[in-house]
Structures are given as C-alpha cells and as structure tokens.
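Have a look at input-v5.pdb; it's PDB, C-alpha atoms and all ligand atoms:
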```
ATOM      1  CA  MET A   1      29.419  -7.030  -5.632
ATOM      2  CA  HIS A   2      26.056  -6.771  -3.845
ATOM      3  CA  ASP A   3      25.096  -9.846  -1.752
ATOM      4  CA  SER A   4      22.063 -10.686  -3.889
ATOM      5  CA  GLU A   5      24.251 -10.698  -7.026
ATOM      6  CA  LYS A   6      26.762 -13.018  -5.289
ATOM      7  CA  ILE A   7      23.949 -15.373  -4.357
ATOM      8  CA  LYS A   8      22.625 -15.335  -7.911
ATOM      9  CA  ARG A   9      26.057 -16.140  -9.379
ATOM     10  CA  ALA A  10      26.519 -19.042  -6.951
ATOM     11  CA  VAL A  11      23.058 -20.415  -7.834
ATOM     12  CA  GLN A  12      23.812 -20.093 -11.547
ATOM     13  CA  GLN A  13      27.150 -21.861 -11.163
ATOM     14  CA  TYR A  14      25.517 -24.589  -9.113
ATOM     15  CA  TYR A  15      22.848 -25.280 -11.748
ATOM     16  CA  SER A  16      25.313 -25.330 -14.595
ATOM     17  CA  GLN A  17      26.848 -28.393 -12.915
ATOM     18  CA  ASP A  18      23.845 -29.972 -11.185
ATOM     19  CA  ALA A  19      21.931 -30.031 -14.437
ATOM     20  CA  GLY A  20      19.954 -32.247 -16.766
ATOM     21  CA  GLN A  21      19.857 -35.944 -16.183
ATOM     22  CA  PHE A  22      22.040 -35.621 -13.093
ATOM     23  CA  TYR A  23      19.510 -33.273 -11.435
ATOM     24  CA  ASP A  24      16.631 -35.695 -12.023
ATOM     25  CA  LYS A  25      18.677 -38.765 -11.078
ATOM     26  CA  THR A  26      19.705 -37.401  -7.681
ATOM     27  CA  ARG A  27      16.150 -36.323  -6.802
ATOM     28  CA  PHE A  28      13.487 -38.210  -8.695
ATOM     29  CA  ALA A  29      14.910 -41.662  -9.402
ATOM     30  CA  GLY A  30      13.798 -44.815  -7.558
ATOM     31  CA  LEU A  31      10.436 -45.366  -5.878
ATOM     32  CA  GLY A  32      10.911 -42.636  -3.250
ATOM     33  CA  GLY A  33      12.032 -40.110  -5.870
ATOM     34  CA  GLN A  34       9.163 -40.988  -8.206
ATOM     35  CA  VAL A  35       6.625 -40.564  -5.412
ATOM     36  CA  ARG A  36       8.163 -37.218  -4.540
ATOM     37  CA  HIS A  37       7.924 -36.118  -8.184
ATOM     38  CA  LEU A  38       4.314 -37.338  -8.523
ATOM     39  CA  ARG A  39       3.240 -35.666  -5.299
ATOM     40  CA  GLU A  40       4.582 -32.345  -6.575
ATOM     41  CA  LEU A  41       3.201 -32.826 -10.086
ATOM     42  CA  ASN A  42      -0.275 -33.798  -8.866
ATOM     43  CA  THR A  43      -0.372 -30.833  -6.491
ATOM     44  CA  ILE A  44       0.375 -28.475  -9.381
ATOM     45  CA  ARG A  45      -2.221 -30.211 -11.580
ATOM     46  CA  GLN A  46      -4.873 -29.872  -8.874
ATOM     47  CA  LEU A  47      -4.109 -26.189  -8.437
ATOM     48  CA  THR A  48      -4.016 -25.244 -12.136
ATOM     49  CA  GLY A  49      -7.092 -27.254 -13.116
ATOM     50  CA  ASP A  50      -7.667 -27.648 -16.880
ATOM     51  CA  VAL A  51      -4.925 -25.763 -18.765
ATOM     52  CA  ALA A  52      -5.876 -26.713 -22.335
ATOM     53  CA  GLY A  53      -5.331 -23.741 -24.660
ATOM     54  CA  GLN A  54      -3.749 -21.585 -21.922
ATOM     55  CA  LYS A  55      -0.566 -19.608 -22.515
ATOM     56  CA  ILE A  56       1.717 -20.515 -19.618
ATOM     57  CA  LEU A  57       5.190 -19.372 -18.546
ATOM     58  CA  GLU A  58       7.329 -21.733 -16.468
ATOM     59  CA  VAL A  59      10.150 -19.856 -14.748
ATOM     60  CA  GLY A  60      13.187 -21.839 -13.526
ATOM     61  CA  CYS A  61      12.025 -24.845 -15.515
ATOM     62  CA  GLY A  62      15.078 -26.995 -14.686
ATOM     63  CA  THR A  63      14.664 -30.295 -16.522
ATOM     64  CA  GLY A  64      11.152 -29.404 -17.744
ATOM     65  CA  ARG A  65       9.245 -31.972 -15.664
ATOM     66  CA  PHE A  66       6.291 -29.589 -15.125
ATOM     67  CA  SER A  67       6.350 -28.109 -18.631
ATOM     68  CA  GLU A  68       6.168 -31.604 -20.083
ATOM     69  CA  SER A  69       2.965 -32.261 -18.142
ATOM     70  CA  LEU A  70       1.480 -28.852 -19.129
ATOM     71  CA  LEU A  71       2.221 -29.589 -22.794
ATOM     72  CA  GLN A  72       0.614 -33.019 -22.489
ATOM     73  CA  SER A  73      -2.474 -31.191 -21.177
ATOM     74  CA  LYS A  74      -2.505 -29.079 -24.377
ATOM     75  CA  ALA A  75      -1.209 -25.788 -22.966
ATOM     76  CA  GLN A  76       1.135 -23.484 -24.924
ATOM     77  CA  VAL A  77       4.245 -23.230 -22.790
ATOM     78  CA  THR A  78       7.144 -20.791 -22.626
ATOM     79  CA  VAL A  79       9.993 -22.410 -20.745
ATOM     80  CA  LEU A  80      12.551 -20.129 -19.075
ATOM     81  CA  ASP A  81      15.743 -20.738 -17.106
ATOM     82  CA  PHE A  82      19.156 -19.070 -16.817
ATOM     83  CA  SER A  83      21.169 -22.304 -16.924
ATOM     84  CA  PRO A  84      22.182 -23.223 -20.501
ATOM     85  CA  ALA A  85      22.800 -26.818 -19.369
ATOM     86  CA  MET A  86      19.256 -27.155 -17.987
ATOM     87  CA  LEU A  87      17.780 -25.586 -21.126
ATOM     88  CA  ASP A  88      19.727 -27.969 -23.397
ATOM     89  CA  TYR A  89      18.307 -30.939 -21.538
ATOM     90  CA  THR A  90      14.757 -29.536 -21.505
ATOM     91  CA  LYS A  91      14.909 -28.743 -25.213
ATOM     92  CA  ARG A  92      15.651 -32.392 -25.963
ATOM     93  CA  ARG A  93      13.018 -33.627 -23.509
ATOM     94  CA  LEU A  94      10.258 -31.489 -25.023
ATOM     95  CA  SER A  95      11.378 -31.667 -28.667
ATOM     96  CA  HIS A  96       8.403 -33.738 -29.844
ATOM     97  CA  HIS A  97       5.855 -31.205 -28.544
ATOM     98  CA  PRO A  98       4.851 -28.545 -31.086
ATOM     99  CA  ASP A  99       3.649 -25.850 -28.659
ATOM    100  CA  PHE A 100       6.601 -24.675 -26.636
ATOM    101  CA  SER A 101       9.261 -21.992 -26.813
ATOM    102  CA  LEU A 102      12.436 -21.873 -24.822
ATOM    103  CA  LEU A 103      14.206 -18.827 -23.429
ATOM    104  CA  ARG A 104      17.351 -18.130 -21.453
ATOM    105  CA  ALA A 105      16.750 -15.224 -19.084
ATOM    106  CA  ASP A 106      16.968 -14.057 -15.490
ATOM    107  CA  ALA A 107      13.734 -14.487 -13.519
ATOM    108  CA  GLU A 108      14.174 -11.035 -11.953
ATOM    109  CA  TYR A 109      14.128  -9.390 -15.388
ATOM    110  CA  LEU A 110      11.538 -11.239 -17.441
ATOM    111  CA  PRO A 111      11.823 -10.225 -21.117
ATOM    112  CA  PHE A 112       8.063  -9.871 -21.624
ATOM    113  CA  LYS A 113       5.575  -7.024 -21.777
ATOM    114  CA  ASP A 114       2.921  -6.755 -19.044
ATOM    115  CA  ASN A 115      -0.095  -9.114 -19.111
ATOM    116  CA  GLN A 116       1.209 -11.784 -21.504
ATOM    117  CA  PHE A 117       0.325 -15.123 -19.885
ATOM    118  CA  ASP A 118      -2.739 -16.935 -18.527
ATOM    119  CA  GLY A 119      -0.565 -18.567 -15.893
ATOM    120  CA  VAL A 120       2.947 -18.414 -14.404
ATOM    121  CA  LEU A 121       4.384 -21.498 -12.719
ATOM    122  CA  SER A 122       7.617 -21.504 -10.748
ATOM    123  CA  VAL A 123       8.600 -24.436  -8.542
ATOM    124  CA  LYS A 124      11.735 -24.493  -6.352
ATOM    125  CA  LEU A 125      12.997 -21.195  -7.738
ATOM    126  CA  VAL A 126      11.852 -18.405  -5.404
ATOM    127  CA  SER A 127      13.673 -19.988  -2.428
ATOM    128  CA  HIS A 128      16.959 -19.172  -4.188
ATOM    129  CA  PHE A 129      16.414 -15.441  -3.638
ATOM    130  CA  ALA A 130      17.351 -13.735  -0.370
ATOM    131  CA  ASN A 131      14.732 -11.109  -1.191
ATOM    132  CA  PRO A 132      11.989 -12.738  -3.280
ATOM    133  CA  GLN A 133       9.910  -9.562  -3.795
ATOM    134  CA  LYS A 134      11.428  -8.583  -7.132
ATOM    135  CA  VAL A 135      10.886 -11.958  -8.750
ATOM    136  CA  LEU A 136       7.330 -12.251  -7.354
ATOM    137  CA  ASN A 137       6.512  -8.764  -8.705
ATOM    138  CA  GLU A 138       7.754  -9.875 -12.125
ATOM    139  CA  PHE A 139       5.342 -12.829 -12.065
ATOM    140  CA  GLN A 140       2.491 -10.462 -11.179
ATOM    141  CA  ARG A 141       3.476  -8.092 -13.977
ATOM    142  CA  VAL A 142       3.534 -10.621 -16.833
ATOM    143  CA  VAL A 143       0.361 -12.511 -15.934
ATOM    144  CA  ASN A 144      -2.994 -11.435 -17.431
ATOM    145  CA  PRO A 145      -5.755  -9.955 -15.259
ATOM    146  CA  GLY A 146      -7.716 -13.003 -14.069
ATOM    147  CA  GLY A 147      -4.655 -15.231 -14.589
ATOM    148  CA  TRP A 148      -2.914 -17.407 -12.006
ATOM    149  CA  VAL A 149       0.538 -17.631 -10.413
ATOM    150  CA  ILE A 150       1.860 -20.699  -8.582
ATOM    151  CA  VAL A 151       4.993 -20.599  -6.419
ATOM    152  CA  ASP A 152       6.378 -22.608  -3.518
ATOM    153  CA  ALA A 153       8.445 -22.112  -0.371
ATOM    154  CA  ASN A 154      10.485 -24.388   1.902
ATOM    155  CA  ASN A 155       9.054 -24.648   5.404
ATOM    156  CA  LEU A 156      11.641 -24.450   8.181
ATOM    157  CA  PHE A 157       9.237 -26.188  10.588
ATOM    158  CA  ARG A 158       9.037 -29.358   8.506
ATOM    159  CA  LEU A 159       9.103 -32.568  10.487
ATOM    160  CA  ASP A 160      12.628 -33.411   9.304
ATOM    161  CA  PHE A 161      13.705 -30.025  10.610
ATOM    162  CA  PRO A 162      16.825 -31.391  12.407
ATOM    163  CA  LEU A 163      18.376 -32.320   9.038
ATOM    164  CA  VAL A 164      17.512 -28.930   7.593
ATOM    165  CA  PHE A 165      18.914 -27.254  10.668
ATOM    166  CA  LEU A 166      22.219 -29.097  10.245
ATOM    167  CA  LYS A 167      22.342 -28.126   6.612
ATOM    168  CA  LYS A 168      21.457 -24.497   7.225
ATOM    169  CA  TYR A 169      23.785 -23.837  10.128
ATOM    170  CA  PHE A 170      26.667 -26.254   9.647
ATOM    171  CA  ASN A 171      26.573 -26.851   5.915
ATOM    172  CA  PHE A 172      26.337 -30.512   6.825
ATOM    173  CA  SER A 173      26.940 -32.889   3.927
ATOM    174  CA  LEU A 174      24.254 -35.474   3.507
ATOM    175  CA  HIS A 175      23.202 -36.755   0.094
ATOM    176  CA  TYR A 176      21.601 -33.894  -1.820
ATOM    177  CA  PHE A 177      21.241 -31.828   1.333
ATOM    178  CA  ALA A 178      24.852 -31.045   0.517
ATOM    179  CA  GLN A 179      24.525 -27.889  -1.508
ATOM    180  CA  LYS A 180      27.647 -26.029  -0.588
ATOM    181  CA  ASN A 181      27.831 -22.361  -1.548
ATOM    182  CA  MET A 182      24.276 -22.449  -2.740
ATOM    183  CA  TYR A 183      21.557 -20.311  -1.228
ATOM    184  CA  SER A 184      18.195 -21.883  -0.508
ATOM    185  CA  SER A 185      15.869 -20.302   2.056
ATOM    186  CA  TYR A 186      13.894 -22.179   4.697
ATOM    187  CA  LEU A 187      11.214 -19.935   6.124
ATOM    188  CA  THR A 188       8.923 -20.128   9.137
ATOM    189  CA  PRO A 189       5.190 -20.235   8.284
ATOM    190  CA  TRP A 190       4.801 -16.567   9.309
ATOM    191  CA  GLN A 191       7.797 -15.524   7.182
ATOM    192  CA  ILE A 192       6.135 -17.323   4.262
ATOM    193  CA  GLU A 193       2.873 -15.444   4.968
ATOM    194  CA  LYS A 194       4.714 -12.117   5.014
ATOM    195  CA  LEU A 195       7.307 -12.522   2.240
ATOM    196  CA  TYR A 196       4.911 -14.141  -0.190
ATOM    197  CA  GLN A 197       2.373 -11.328  -0.133
ATOM    198  CA  ILE A 198       2.311 -10.001  -3.678
ATOM    199  CA  HIS A 199       0.793  -6.644  -4.522
ATOM    200  CA  GLY A 200      -1.942  -7.105  -7.147
ATOM    201  CA  LEU A 201      -2.357 -10.847  -6.500
ATOM    202  CA  SER A 202      -4.731 -12.492  -4.044
ATOM    203  CA  ARG A 203      -3.923 -15.878  -2.571
ATOM    204  CA  GLN A 204      -6.490 -18.555  -3.377
ATOM    205  CA  ALA A 205      -4.859 -21.619  -1.821
ATOM    206  CA  LEU A 206      -1.911 -22.781   0.225
ATOM    207  CA  VAL A 207      -1.303 -26.524   0.270
ATOM    208  CA  GLY A 208       1.496 -28.621   1.655
ATOM    209  CA  VAL A 209       3.370 -31.392  -0.112
ATOM    210  CA  GLY A 210       5.384 -34.218   1.358
ATOM    211  CA  LEU A 211       3.970 -34.471   4.860
ATOM    212  CA  LEU A 212       3.620 -38.233   4.851
ATOM    213  CA  PRO A 213       6.782 -40.313   4.924
ATOM    214  CA  LYS A 214       7.669 -42.218   1.772
ATOM    215  CA  LEU A 215       6.780 -45.641   3.084
ATOM    216  CA  PRO A 216       6.932 -48.084   0.158
ATOM    217  CA  ALA A 217       4.434 -50.499   1.765
ATOM    218  CA  LEU A 218       1.889 -47.760   2.360
ATOM    219  CA  ILE A 219       2.388 -46.386  -1.142
ATOM    220  CA  LYS A 220       1.824 -49.837  -2.643
ATOM    221  CA  ARG A 221      -1.296 -50.473  -0.593
ATOM    222  CA  LEU A 222      -2.879 -47.121  -1.387
ATOM    223  CA  GLY A 223      -1.599 -46.676  -4.935
ATOM    224  CA  VAL A 224       0.463 -43.594  -5.761
ATOM    225  CA  ASP A 225      -2.499 -41.382  -6.752
ATOM    226  CA  ASP A 226      -4.432 -42.095  -3.535
ATOM    227  CA  PHE A 227      -1.290 -41.499  -1.556
ATOM    228  CA  VAL A 228      -0.715 -38.138  -3.207
ATOM    229  CA  GLY A 229      -4.373 -37.153  -2.721
ATOM    230  CA  LEU A 230      -4.208 -38.043   0.957
ATOM    231  CA  ASP A 231      -1.039 -36.031   1.323
ATOM    232  CA  ILE A 232      -2.572 -32.939  -0.252
ATOM    233  CA  ASN A 233      -5.775 -33.188   1.760
ATOM    234  CA  LEU A 234      -3.888 -33.561   5.018
ATOM    235  CA  CYS A 235      -1.761 -30.544   4.191
ATOM    236  CA  LYS A 236      -4.794 -28.363   3.429
ATOM    237  CA  ASN A 237      -5.455 -28.599   7.146
ATOM    238  CA  LYS A 238      -4.318 -25.334   8.759
ATOM    239  CA  ILE A 239      -2.356 -26.988  11.565
ATOM    240  CA  LEU A 240      -0.754 -29.768   9.545
ATOM    241  CA  ARG A 241       0.468 -27.424   6.873
ATOM    242  CA  TYR A 242       2.727 -25.860   9.509
ATOM    243  CA  VAL A 243       4.887 -29.010   9.466
ATOM    244  CA  THR A 244       4.850 -29.823   5.758
ATOM    245  CA  PRO A 245       8.235 -29.583   3.974
ATOM    246  CA  MET A 246       7.013 -27.670   0.944
ATOM    247  CA  CYS A 247       4.204 -25.093   0.762
ATOM    248  CA  VAL A 248       2.644 -24.410  -2.626
ATOM    249  CA  MET A 249       0.607 -21.271  -3.159
ATOM    250  CA  LEU A 250      -1.906 -20.353  -5.846
ATOM    251  CA  TYR A 251      -2.649 -16.683  -6.554
ATOM    252  CA  LYS A 252      -5.065 -14.884  -8.895
ATOM    253  CA  LYS A 253      -4.524 -11.485 -10.462
ATOM    254  CA  GLY A 254      -7.502  -9.122 -10.141
ATOM    255  CA  GLU A 255      -9.573  -8.568 -13.327
TER     256      GLU A 255
HETATM  257  C1  LIG B   1      15.758 -26.383  -7.922
HETATM  258  S1  LIG B   1      15.734 -26.147  -9.659
HETATM  259  C2  LIG B   1      13.999 -26.403  -9.975
HETATM  260  C3  LIG B   1      13.725 -26.895 -11.349
HETATM  261  C4  LIG B   1      12.253 -27.246 -11.612
HETATM  262  N1  LIG B   1      11.382 -26.102 -11.428
HETATM  263  C5  LIG B   1      11.825 -28.392 -10.734
HETATM  264  O1  LIG B   1      11.079 -28.164  -9.776
HETATM  265  O2  LIG B   1      12.269 -29.507 -11.002
HETATM  266  C6  LIG B   1      15.899 -24.376  -9.837
HETATM  267  C7  LIG B   1      16.002 -23.916 -11.276
HETATM  268  O3  LIG B   1      15.881 -22.486 -11.311
HETATM  269  C8  LIG B   1      16.884 -21.958 -12.164
HETATM  270  N2  LIG B   1      17.174 -20.590 -11.688
HETATM  271  C9  LIG B   1      17.687 -20.237 -10.483
HETATM  272  N3  LIG B   1      17.797 -18.893 -10.401
HETATM  273  C10 LIG B   1      17.318 -18.383 -11.575
HETATM  274  C11 LIG B   1      17.163 -17.061 -12.086
HETATM  275  N4  LIG B   1      17.525 -15.987 -11.388
HETATM  276  N5  LIG B   1      16.655 -16.920 -13.328
HETATM  277  C12 LIG B   1      16.285 -18.000 -14.073
HETATM  278  N6  LIG B   1      16.408 -19.289 -13.633
HETATM  279  C13 LIG B   1      16.930 -19.468 -12.401
HETATM  280  C14 LIG B   1      18.060 -22.909 -12.043
HETATM  281  O4  LIG B   1      18.924 -22.837 -13.167
HETATM  282  C15 LIG B   1      17.339 -24.259 -11.927
HETATM  283  O5  LIG B   1      17.117 -24.849 -13.179
END
```

Here is a file; write its structure as structure tokens.
Amino acid sequence: MHDSEKIKRAVQQYYSQDAGQFYDKTRFAGLGGQVRHLRELNTIRQLTGDVAGQKILEVGCGTGRFSESLLQSKAQVTVLDFSPAMLDYTKRRLSHHPDFSLLRADAEYLPFKDNQFDGVLSVKLVSHFANPQKVLNEFQRVVNPGGWVIVDANNLFRLDFPLVFLKKYFNFSLHYFAQKNMYSSYLTPWQIEKLYQIHGLSRQALVGVGLLPKLPALIKRLGVDDFVGLDINLCKNKILRYVTPMCVMLYKKGE
C-alpha cells in the first residue's frame, strides 16, 4: 500500500475512536479549552465576514463546531467527513437547523461538480496529509469564481515547540499530544508558504491563532472577545506570526 494511503487509513481509524463528545471533551472543555475554541471560531468568523445566504462546504467537519456557527449565521452548509462516528455526532448536534446536508466522503475526492460553493472551510484537516496538494486542489475546484477557501496549518516554530518536537520525534505521550500512529504535520513558516500555494487561488490573509498563553486571570480581565481580538491582531504581525501555533489562511478564487 502506498504511504499516503497508509496515513489516510491510520487517520480514519484514529477518528473513528477519537470521535464525538470525546473529541470535544479532550480539547474544548474547561476554561482553557473554551478559550481555545472561541479563539479559533472568532478567527474564522473574522475571515469569512457575513455568510448569510452563502452556500458553504465544511470539509473534515469533526463534531460540527464551525458548521453550527455558520448555520447560526444563516448560511446553507454541506458538512463532510469520512468518519461515520463524527458524522453521527454532528448530525445530532445540528438536527434543529433546517439548512444543512451531511455527507460521508474522502476530502481528496470531493463528490461535487466544479464551482458549487461560495466558500469552503476546512480546519485541522489538511495537516493530516503528507502531500496536501491534492486536497487543496479539490477545494479550489469546487468553489465558485469569486468564492473563498479557508484552511490552516500547524507551525513547527510555535513557542511551545519543545513539546511538539518531543511528540514529532519521540512519539512522546502527553495528554492529547499523544496521537500514536496518527500523522499530523508541523511545518516551518516557509514550508507553509510553499506547500499552501494553490493554483487558481490568491491568498488574501494569513493570521495566527493561539499566540498568547491561556492565562485565566488575563482572560477574565480582558473578557474572552477582547482576548481573542488581541490574539488575532498580534498574529497579523509578520514577525509574531512566525511563532504562532496555528496559521489560518484565507484565499479567493479569481472571477
Ligand atoms: C482534527 S479533526 C478537526 C475537526 C474540526 N474541523 C475541528 O476543527 O474541530 C479532523 C477531522 O477530519 C476528518 N478527516 C481526516 N481525513 C479526512 C479525509 N481524507 N476525508 C474526510 N475527512 C477527513 C476526521 O475524521 C476528523 O473529523
């Protein structure tokens, strides 16, 4: 079996176990987890702007935390993942929204014709591919001319790099850094620049998320929204974004 197929199988197996409520509980529970979730959510909201009436595809939806917010903002959302366990959970989570459809498919072979969506959102998915070009080309293909694509990448030069280093090279077990047999790339800023160039899409923004530590006292004093705003503004800075854990990129497809 080709290496990329092995990686895909391992990722699929991983997300059939680390699914649903368990996935959210181990990442987004408690004050720190909530702040992490809100930072990511607010970054995506800032980048998409008003989505009311837009037809949006979320690829690798996981537990549907972004799709839920898009639906609340009156978008029509198609939610896609290849883990049946994740989709089951998401289906229940979104069941009271009228405007969504749910699909089990592989992100590298999207079952859509060209130019079908106003926007494609994919968070924490592309890093699971050793060669992300195929999946990025699929996003470009299915989005309308003038439409947007949002993806993210893990930055190897993040400030907590020593932990990532241990995980990457020694498969070191530490809370949810322990993801044995599961591929997740950490790229240098110049690898991100190179690998995330997508033919037919032009990059409009690159922002960082999660630069500031999750200090409960600071969060309380500033309020979560201010805290998130400060985080995003700091990470727009060209130098600071080189040490942010997560880079989020917004692209536009030419008209
Ligand atoms: C780290 S989770 C992210 C979930 C969600 N986007 C979030 O940020 O909370 C990655 C998700 O991508 C899905 N996934 C991974 N590889 C995929 C592929 N080739 N096709 C479709 N979904 C995939 C997994 O099943 C999992 O639900």

Pull out every residue that the PyMOL selection byres (((chain A and resi 137) around 12) and not hetatm) matches in the shown coordinates and put them as a PDB file with C-alpha atoms, in the coordinates of the input.
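Result went into out_5.pdb, see below:
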```pdb
ATOM      1  CA  ALA A 107      13.734 -14.487 -13.519  1.00  0.00           C
ATOM      2  CA  GLU A 108      14.174 -11.035 -11.953  1.00  0.00           C
ATOM      3  CA  TYR A 109      14.128  -9.390 -15.388  1.00  0.00           C
ATOM      4  CA  LEU A 110      11.538 -11.239 -17.441  1.00  0.00           C
ATOM      5  CA  ASP A 114       2.921  -6.755 -19.044  1.00  0.00           C
ATOM      6  CA  VAL A 120       2.947 -18.414 -14.404  1.00  0.00           C
ATOM      7  CA  VAL A 126      11.852 -18.405  -5.404  1.00  0.00           C
ATOM      8  CA  ASN A 131      14.732 -11.109  -1.191  1.00  0.00           C
ATOM      9  CA  PRO A 132      11.989 -12.738  -3.280  1.00  0.00           C
ATOM     10  CA  GLN A 133       9.910  -9.562  -3.795  1.00  0.00           C
ATOM     11  CA  LYS A 134      11.428  -8.583  -7.132  1.00  0.00           C
ATOM     12  CA  VAL A 135      10.886 -11.958  -8.750  1.00  0.00           C
ATOM     13  CA  LEU A 136       7.330 -12.251  -7.354  1.00  0.00           C
ATOM     14  CA  GLU A 138       7.754  -9.875 -12.125  1.00  0.00           C
ATOM     15  CA  PHE A 139       5.342 -12.829 -12.065  1.00  0.00           C
ATOM     16  CA  GLN A 140       2.491 -10.462 -11.179  1.00  0.00           C
ATOM     17  CA  ARG A 141       3.476  -8.092 -13.977  1.00  0.00           C
ATOM     18  CA  VAL A 142       3.534 -10.621 -16.833  1.00  0.00           C
ATOM     19  CA  VAL A 143       0.361 -12.511 -15.934  1.00  0.00           C
ATOM     20  CA  VAL A 149       0.538 -17.631 -10.413  1.00  0.00           C
ATOM     21  CA  LEU A 195       7.307 -12.522   2.240  1.00  0.00           C
ATOM     22  CA  TYR A 196       4.911 -14.141  -0.190  1.00  0.00           C
ATOM     23  CA  GLN A 197       2.373 -11.328  -0.133  1.00  0.00           C
ATOM     24  CA  ILE A 198       2.311 -10.001  -3.678  1.00  0.00           C
ATOM     25  CA  HIS A 199       0.793  -6.644  -4.522  1.00  0.00           C
ATOM     26  CA  GLY A 200      -1.942  -7.105  -7.147  1.00  0.00           C
ATOM     27  CA  LEU A 201      -2.357 -10.847  -6.500  1.00  0.00           C
ATOM     28  CA  LYS A 253      -4.524 -11.485 -10.462  1.00  0.00           C
TER      29      LYS A 253
END
```

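Nearest residue to ligand LIG 1 (chain B), choosing from A:Thr43, A:Ser83, A:Ser67, A:Gln13 and counting only C-alpha atoms and all ligand atoms: A:Ser83.
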
Which residues match the PyMOL selection byres (((chain A and resi 78) around 12) and not hetatm) in the file above, as a ChimeraX atom specification?
/A:54-61,64,66-68,70-71,75-77,79-81,87,90-91,94,98-105,110-112,116-122

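If only C-alpha atoms and all ligand atoms are the atoms counted, then among A:Asn155, A:Thr244, A:Ser73, A:Ser185 the closest residue to ligand LIG 1 (chain B) is A:Ser185.
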
Specify the axis-aligned box that encloses all atoms of ligand LIG 1 (chain B) listed in the file after padding of 4 Å on each side, stating its centre and edge lengths in Å to one decimal as JSON.
```
{"center_x": 15.0, "center_y": -22.7, "center_z": -11.0, "size_x": 15.8, "size_y": 21.5, "size_z": 14.2}
```

Expected selection from the PyMOL selection byres (((chain A and resi 192) around 10) and not hetatm), given as an mmCIF file with C-alpha atoms, keeping the file's coordinate frame:
```cif
data_model
loop_
_atom_site.group_PDB
_atom_site.id
_atom_site.type_symbol
_atom_site.label_atom_id
_atom_site.label_comp_id
_atom_site.auth_asym_id
_atom_site.auth_seq_id
_atom_site.Cartn_x
_atom_site.Cartn_y
_atom_site.Cartn_z
ATOM 1 C CA ASP A 152 6.378 -22.608 -3.518
ATOM 2 C CA ALA A 153 8.445 -22.112 -0.371
ATOM 3 C CA ASN A 154 10.485 -24.388 1.902
ATOM 4 C CA ASN A 155 9.054 -24.648 5.404
ATOM 5 C CA LEU A 156 11.641 -24.450 8.181
ATOM 6 C CA TYR A 186 13.894 -22.179 4.697
ATOM 7 C CA LEU A 187 11.214 -19.935 6.124
ATOM 8 C CA THR A 188 8.923 -20.128 9.137
ATOM 9 C CA PRO A 189 5.190 -20.235 8.284
ATOM 10 C CA TRP A 190 4.801 -16.567 9.309
ATOM 11 C CA GLN A 191 7.797 -15.524 7.182
ATOM 12 C CA GLU A 193 2.873 -15.444 4.968
ATOM 13 C CA LYS A 194 4.714 -12.117 5.014
ATOM 14 C CA LEU A 195 7.307 -12.522 2.240
ATOM 15 C CA TYR A 196 4.911 -14.141 -0.190
ATOM 16 C CA GLN A 197 2.373 -11.328 -0.133
ATOM 17 C CA CYS A 247 4.204 -25.093 0.762
#
```

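The space separating CA of Gln72 (chain A) from CA of Gln34 (chain A) comes to 18.5 Å.
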
Shortest contact to Tyr15 (chain A), candidates A:Gly49, A:Gly30, A:Pro84, A:Pro145, atoms counted all atoms listed in the file, goes to A:Pro84

Please, what distance in Å, to one decimal, runs between CA of Glu40 (chain A) and CA of Leu166 (chain A)?
24.6 Å

CA of Ile7 (chain A) to CA of Pro162 (chain A) measures 24.3 Å
